[in-house]
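entry13.txt (compact mmCIF, C-alpha atoms and all ligand atoms) appears below.
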```
# COMPACT_ATOMS: atom_id res chain seq x y z
CA MET A 1 155.41 70.46 121.31
CA ARG A 2 153.39 67.62 119.78
CA LYS A 3 153.89 67.48 116.06
CA LEU A 4 151.98 64.31 115.37
CA LEU A 5 148.54 64.77 113.98
CA ARG A 6 145.58 62.41 113.95
CA LEU A 7 142.98 63.37 111.40
CA VAL A 8 139.79 61.52 110.57
CA TYR A 9 137.63 62.39 107.62
CA VAL A 10 134.56 60.91 106.04
CA SER A 11 133.51 61.13 102.41
CA HIS A 12 131.07 59.70 99.95
CA ALA A 13 132.36 57.17 97.43
CA LEU A 14 131.62 57.91 93.80
CA PHE A 15 132.30 54.51 92.29
CA GLU A 16 129.77 51.78 91.82
CA VAL A 17 130.15 48.88 94.20
CA ALA A 18 130.64 45.83 92.00
CA PRO A 19 128.00 43.15 92.54
CA ASP A 20 129.39 39.73 93.43
CA SER A 21 132.69 41.36 94.16
CA PRO A 22 135.22 39.18 95.96
CA ASP A 23 136.64 40.06 99.38
CA ILE A 24 137.43 43.61 98.55
CA GLU A 25 136.18 46.19 96.08
CA PRO A 26 138.64 46.50 93.18
CA GLU A 27 138.71 50.29 93.51
CA LEU A 28 139.32 49.99 97.22
CA ALA A 29 142.18 47.61 96.53
CA ASN A 30 143.71 50.19 94.18
CA ILE A 31 143.43 52.90 96.82
CA LEU A 32 144.97 50.70 99.48
CA THR A 33 147.88 49.66 97.30
CA LYS A 34 148.71 53.25 96.50
CA ALA A 35 148.15 54.42 100.08
CA ARG A 36 150.43 51.75 101.51
CA LYS A 37 153.22 52.53 99.08
CA ASN A 38 153.08 56.31 99.48
CA ASN A 39 152.40 56.38 103.20
CA GLN A 40 155.35 54.17 103.98
CA ARG A 41 157.53 56.63 102.12
CA ASP A 42 155.97 59.63 103.91
CA ASN A 43 155.86 58.04 107.36
CA ILE A 44 152.09 58.25 107.50
CA GLY A 45 149.92 55.60 109.08
CA GLY A 46 146.25 55.04 109.56
CA ALA A 47 143.19 53.00 108.83
CA LEU A 48 140.60 52.91 106.09
CA PHE A 49 137.05 51.69 106.41
CA PHE A 50 134.44 51.57 103.67
CA ALA A 51 130.79 50.89 104.36
CA ASN A 52 127.39 51.99 103.13
CA GLY A 53 129.02 54.04 100.38
CA TYR A 54 131.15 56.04 102.84
CA PHE A 55 134.86 56.20 103.32
CA PHE A 56 136.08 56.67 106.85
CA GLN A 57 139.81 57.23 107.04
CA CYS A 58 142.16 57.97 109.89
CA LEU A 59 145.51 59.51 108.99
CA GLU A 60 148.40 59.85 111.43
CA GLY A 61 151.77 61.43 110.90
CA LYS A 62 153.70 64.66 110.97
CA GLU A 63 151.33 67.56 110.63
CA ALA A 64 152.74 68.84 107.35
CA ALA A 65 152.73 65.37 105.78
CA VAL A 66 149.13 64.67 106.82
CA TYR A 67 147.87 68.01 105.50
CA ALA A 68 149.77 67.56 102.23
CA LEU A 69 148.19 64.13 101.78
CA LEU A 70 144.77 65.46 102.66
CA GLU A 71 145.04 68.04 99.88
CA LYS A 72 145.76 65.24 97.40
CA ILE A 73 142.96 63.06 98.71
CA LYS A 74 140.49 65.96 98.50
CA LEU A 75 141.09 66.17 94.76
CA ASP A 76 140.49 62.48 94.17
CA PRO A 77 137.54 61.92 91.84
CA ARG A 78 136.63 58.62 93.49
CA HIS A 79 134.82 60.42 96.29
CA LYS A 80 133.11 63.68 97.20
CA ASP A 81 131.86 65.71 100.17
CA LEU A 82 134.96 65.13 102.27
CA LYS A 83 134.37 66.31 105.81
CA ILE A 84 136.95 66.38 108.58
CA SER A 85 135.42 64.74 111.64
CA TYR A 86 138.39 64.80 113.99
CA CYS A 87 141.73 66.57 113.95
CA LYS A 88 144.02 66.72 116.98
CA ARG A 89 147.67 66.74 117.90
CA VAL A 90 148.56 63.50 119.64
CA ARG A 91 151.56 62.10 121.47
CA GLN A 92 151.38 58.60 120.06
CA ARG A 93 150.14 56.89 116.99
CA HIS A 94 147.29 54.41 117.15
CA PHE A 95 148.41 52.81 113.88
CA LYS A 96 152.13 52.72 114.41
CA PHE A 97 152.60 49.52 112.44
CA TRP A 98 150.26 50.29 109.59
CA SER A 99 150.89 52.44 106.55
CA MET A 100 147.16 51.93 105.94
CA LYS A 101 145.22 49.30 107.80
CA TYR A 102 142.13 48.03 106.06
CA VAL A 103 139.20 47.46 108.39
CA PRO A 104 136.56 45.20 106.86
CA VAL A 105 132.86 45.54 107.56
CA GLY A 106 131.90 43.10 110.26
CA ASP A 107 129.90 42.39 113.37
CA GLU A 108 132.18 44.29 115.71
CA VAL A 109 131.80 47.57 113.86
CA ASN A 110 128.07 47.05 113.34
CA GLN A 111 127.56 46.34 117.02
CA LEU A 112 129.45 49.45 118.02
CA ILE A 113 127.47 51.63 115.60
CA HIS A 114 124.21 50.30 117.05
CA SER A 115 125.39 50.66 120.62
CA LEU A 116 126.19 54.31 119.90
CA GLY A 117 122.57 54.76 118.88
CA TYR A 118 122.90 54.83 115.10
CA GLU A 119 120.84 52.63 112.85
CA GLU A 120 123.38 52.50 110.07
CA PHE A 121 126.83 53.63 109.16
CA ASN A 122 126.29 57.22 108.10
CA PRO A 123 129.35 58.86 109.66
CA VAL A 124 128.78 62.40 108.38
CA ASN A 125 126.91 63.40 111.51
CA PHE A 126 128.65 61.20 114.05
CA ALA A 127 129.71 62.99 117.24
CA GLU A 128 133.44 63.45 117.87
CA SER A 129 133.37 61.06 120.82
CA ASP A 130 131.79 58.42 118.60
CA ILE A 131 134.45 58.94 115.95
CA ASN A 132 136.99 58.33 118.71
CA SER A 133 135.28 55.10 119.77
CA ILE A 134 135.24 53.86 116.19
CA VAL A 135 138.94 54.62 115.66
CA ASP A 136 139.67 52.96 118.96
CA LEU A 137 137.85 49.83 117.81
CA PHE A 138 139.80 49.89 114.53
CA THR A 139 143.04 49.54 116.47
CA ARG A 140 141.74 46.22 117.82
CA ILE A 141 140.28 44.70 114.64
CA ASP A 142 142.53 42.48 112.57
CA ASP A 143 143.34 43.34 109.01
CA ASN A 144 143.15 39.77 107.79
CA THR A 145 142.03 40.56 104.26
CA LEU A 146 144.99 41.23 102.05
CA SER A 147 148.61 41.88 102.76
CA ASP A 148 150.55 44.44 100.74
CA SER A 149 151.94 41.77 98.43
CA SER A 150 148.63 40.00 97.82
CA LEU A 151 147.02 43.35 97.06
CA ARG A 152 149.62 43.89 94.38
CA GLU A 153 148.90 40.43 92.98
CA TYR A 154 145.17 41.13 93.07
CA HIS A 155 145.69 44.36 91.17
CA ARG A 156 147.91 42.61 88.61
CA LEU A 157 145.26 39.93 87.98
CA ASN A 158 142.56 42.55 87.71
CA VAL A 159 144.46 44.44 85.03
CA PHE A 160 145.21 41.15 83.28
CA TRP A 161 141.52 40.13 83.07
CA TRP A 162 140.39 43.53 81.89
CA GLN A 163 143.04 43.53 79.18
CA ARG A 164 141.90 40.08 78.04
CA PHE A 165 138.30 41.22 78.02
CA ALA A 166 139.13 44.35 75.97
CA THR A 167 141.22 42.35 73.47
CA ARG A 168 138.34 39.91 72.93
CA LEU A 169 135.90 42.74 72.39
CA LEU A 170 138.19 44.41 69.86
CA ARG A 171 138.69 41.12 68.02
CA ARG A 172 134.96 40.51 67.91
CA SER A 173 134.19 43.99 66.58
CA ALA A 174 136.92 43.59 63.91
CA THR A 175 135.32 40.44 62.48
C1 LIG A 201 139.24 57.39 100.20
C2 LIG A 201 140.64 57.57 99.69
C3 LIG A 201 141.72 57.39 100.53
C4 LIG A 201 143.03 57.57 100.06
N1 LIG A 201 144.07 57.40 100.92
C5 LIG A 201 145.32 57.63 100.49
C6 LIG A 201 146.43 57.52 101.38
O1 LIG A 201 146.30 57.21 102.55
N2 LIG A 201 147.66 57.76 100.86
C7 LIG A 201 147.87 58.09 99.54
O2 LIG A 201 149.02 58.29 99.15
N3 LIG A 201 146.85 58.19 98.69
C8 LIG A 201 145.58 57.97 99.12
N4 LIG A 201 144.54 58.08 98.24
C9 LIG A 201 144.83 58.32 96.82
C10 LIG A 201 145.08 59.80 96.58
O3 LIG A 201 143.87 60.48 96.43
C11 LIG A 201 145.93 59.98 95.29
O4 LIG A 201 145.29 59.34 94.22
C12 LIG A 201 147.31 59.42 95.45
O5 LIG A 201 147.89 59.83 96.65
C13 LIG A 201 148.20 59.87 94.27
O6 LIG A 201 149.44 59.30 94.45
P1 LIG A 201 150.65 59.62 93.47
O7 LIG A 201 150.93 61.09 93.65
O8 LIG A 201 151.76 58.73 93.92
O9 LIG A 201 150.16 59.27 92.09
C14 LIG A 201 143.23 57.92 98.70
C15 LIG A 201 142.13 58.10 97.86
C16 LIG A 201 140.85 57.92 98.33
C17 LIG A 201 139.68 58.11 97.41
```

Please lay out the structure from this file as structure tokens.
Amino acid sequence: MRKLLRLVYVSHALFEVAPDSPDIEPELANILTKARKNNQRDNIGGALFFANGYFFQCLEGKEAAVYALLEKIKLDPRHKDLKISYCKRVRQRHFKFWSMKYVPVGDEVNQLIHSLGYEEFNPVNFAESDINSIVDLFTRIDDNTLSDSSLREYHRLNVFWWQRFATRLLRRSAT
């Protein structure tokens, strides 16, 4: 019996995309850091893509672990309207070496979306076969953005700058 599950869901992000943001959205970096830490522990793998205000995430792992994670993700206030687009038992993982691969927006994905007949990335109504093609492409795209350790560093710097900003504001309002 196959106990591995591959589940793909799409959802709508609820956070504002920061203008002039660097390589990766700060909130996305937070999600990835947490996902990589937890998923390694729970033997879950997958890929995360964020475009046009939508999350597109593939989760792979033991059925019980994937469903347990899904329940947590459903409750996350950073997104809404989560819809499962694909859910099947599989023999092998696509993302065997990734606790959570980050797939950046780029020409390859855009070209595929257009070749499938869609004008933009609005995955809510994508057909199952198209979801499969997208996940398949994700296995071939490099995650050359941030490694686990640089994500942690990024997060640390982010917190640092916000703390500095808040301290300055407090000082200013006290004078
Ligand atoms: C789009 C999206 C994808 C997420 N993916 C994962 C994931 O793969 N693994 C994970 O542990 N948490 C993920 N999270 C975060 C969870 O919703 C939740 O905040 C987290 O699992 C809580 O972890 P904790 O129990 O260690 O505090 C995701 C959140 C969002 C919004």

Among A:Gln40, A:Lys3, A:Asp130, A:Phe15, Arg93 in chain A is approached most closely, using only C-alpha atoms, by A:Lys3

Can you tell me, as a short mmCIF file (atom, residue, chain, number, x, y, z; two decimals) with C-alpha atoms, in the frame of the given file, which residues sit within 12 Å of (131.1, 68.9, 106.7) in the file's frame, using only C-alpha atoms?
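File produced: selection36.cif:
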```
data_model
loop_
_atom_site.label_atom_id
_atom_site.label_comp_id
_atom_site.auth_asym_id
_atom_site.auth_seq_id
_atom_site.Cartn_x
_atom_site.Cartn_y
_atom_site.Cartn_z
CA TYR A 9 137.63 62.39 107.62
CA VAL A 10 134.56 60.91 106.04
CA SER A 11 133.51 61.13 102.41
CA HIS A 12 131.07 59.70 99.95
CA LYS A 80 133.11 63.68 97.20
CA ASP A 81 131.86 65.71 100.17
CA LEU A 82 134.96 65.13 102.27
CA LYS A 83 134.37 66.31 105.81
CA ILE A 84 136.95 66.38 108.58
CA SER A 85 135.42 64.74 111.64
CA TYR A 86 138.39 64.80 113.99
CA PRO A 123 129.35 58.86 109.66
CA VAL A 124 128.78 62.40 108.38
CA ASN A 125 126.91 63.40 111.51
CA PHE A 126 128.65 61.20 114.05
#
```

Non-local contacts of range 62-74 of chain A (8 Å; only C-alpha atoms; under 3 positions in same chain excluded) as a list in words: Lys3, Leu4, Leu5, Leu7, Asp42, Asn43, Ile44, Leu59, Lys80 and Leu82 of chain A

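Where the distance criterion is 7 Å and the atoms used are all atoms listed in the file, the residues close to ligand LIG 201 (chain A) are Ile31, Leu32, Lys34, Ala35, Arg36, Asn38, Asn39, Phe55, Gln57, Leu59, Leu69, Lys72, Ile73, Lys74, Leu75, Asp76, Arg78, His79 and Met100 of chain A.
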
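You can rank A:Phe97, A:Tyr102, A:Tyr118, A:Phe165 by their closest distance to Phe56 in chain A using all atoms listed in the file, and at the top of that list sits A:Tyr102.
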
Correct to one decimal, the distance CA of Thr139 in chain A-CA of Phe95 in chain A is 6.8 Å

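Between CA of Glu119 in chain A and CA of Ile24 in chain A lies a distance of 23.7 Å.
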
As a check of understanding: the span from CA of Val103 in chain A to CA of Phe49 in chain A is 5.1 Å

In terms of all atoms listed in the file, the residue from A:Gly117, A:Gly106, A:Gly53, A:Gly61 at minimal distance from Leu28 in chain A is A:Gly53

With distances taken over only C-alpha atoms, the candidate from A:Asp107, A:Leu170, A:Arg89, A:Val8 nearest Ile131 in chain A is A:Val8

Go through range 49-112 of chain A residue by residue and, counting only C-alpha atoms, keep those with an atom at most 8 Å from range 133-136 of chain A; for each kept residue give the shortest atom pair and its distance in Å to one decimal, ordered by chain and increasing number, as CSV.
```
residue,atom,partner,partner_atom,distance
A:Cys58,CA,A:Val135,CA,7.4
A:His94,CA,A:Asp136,CA,8.0
A:Val109,CA,A:Ile134,CA,7.5
A:Leu112,CA,A:Ile134,CA,7.5
```
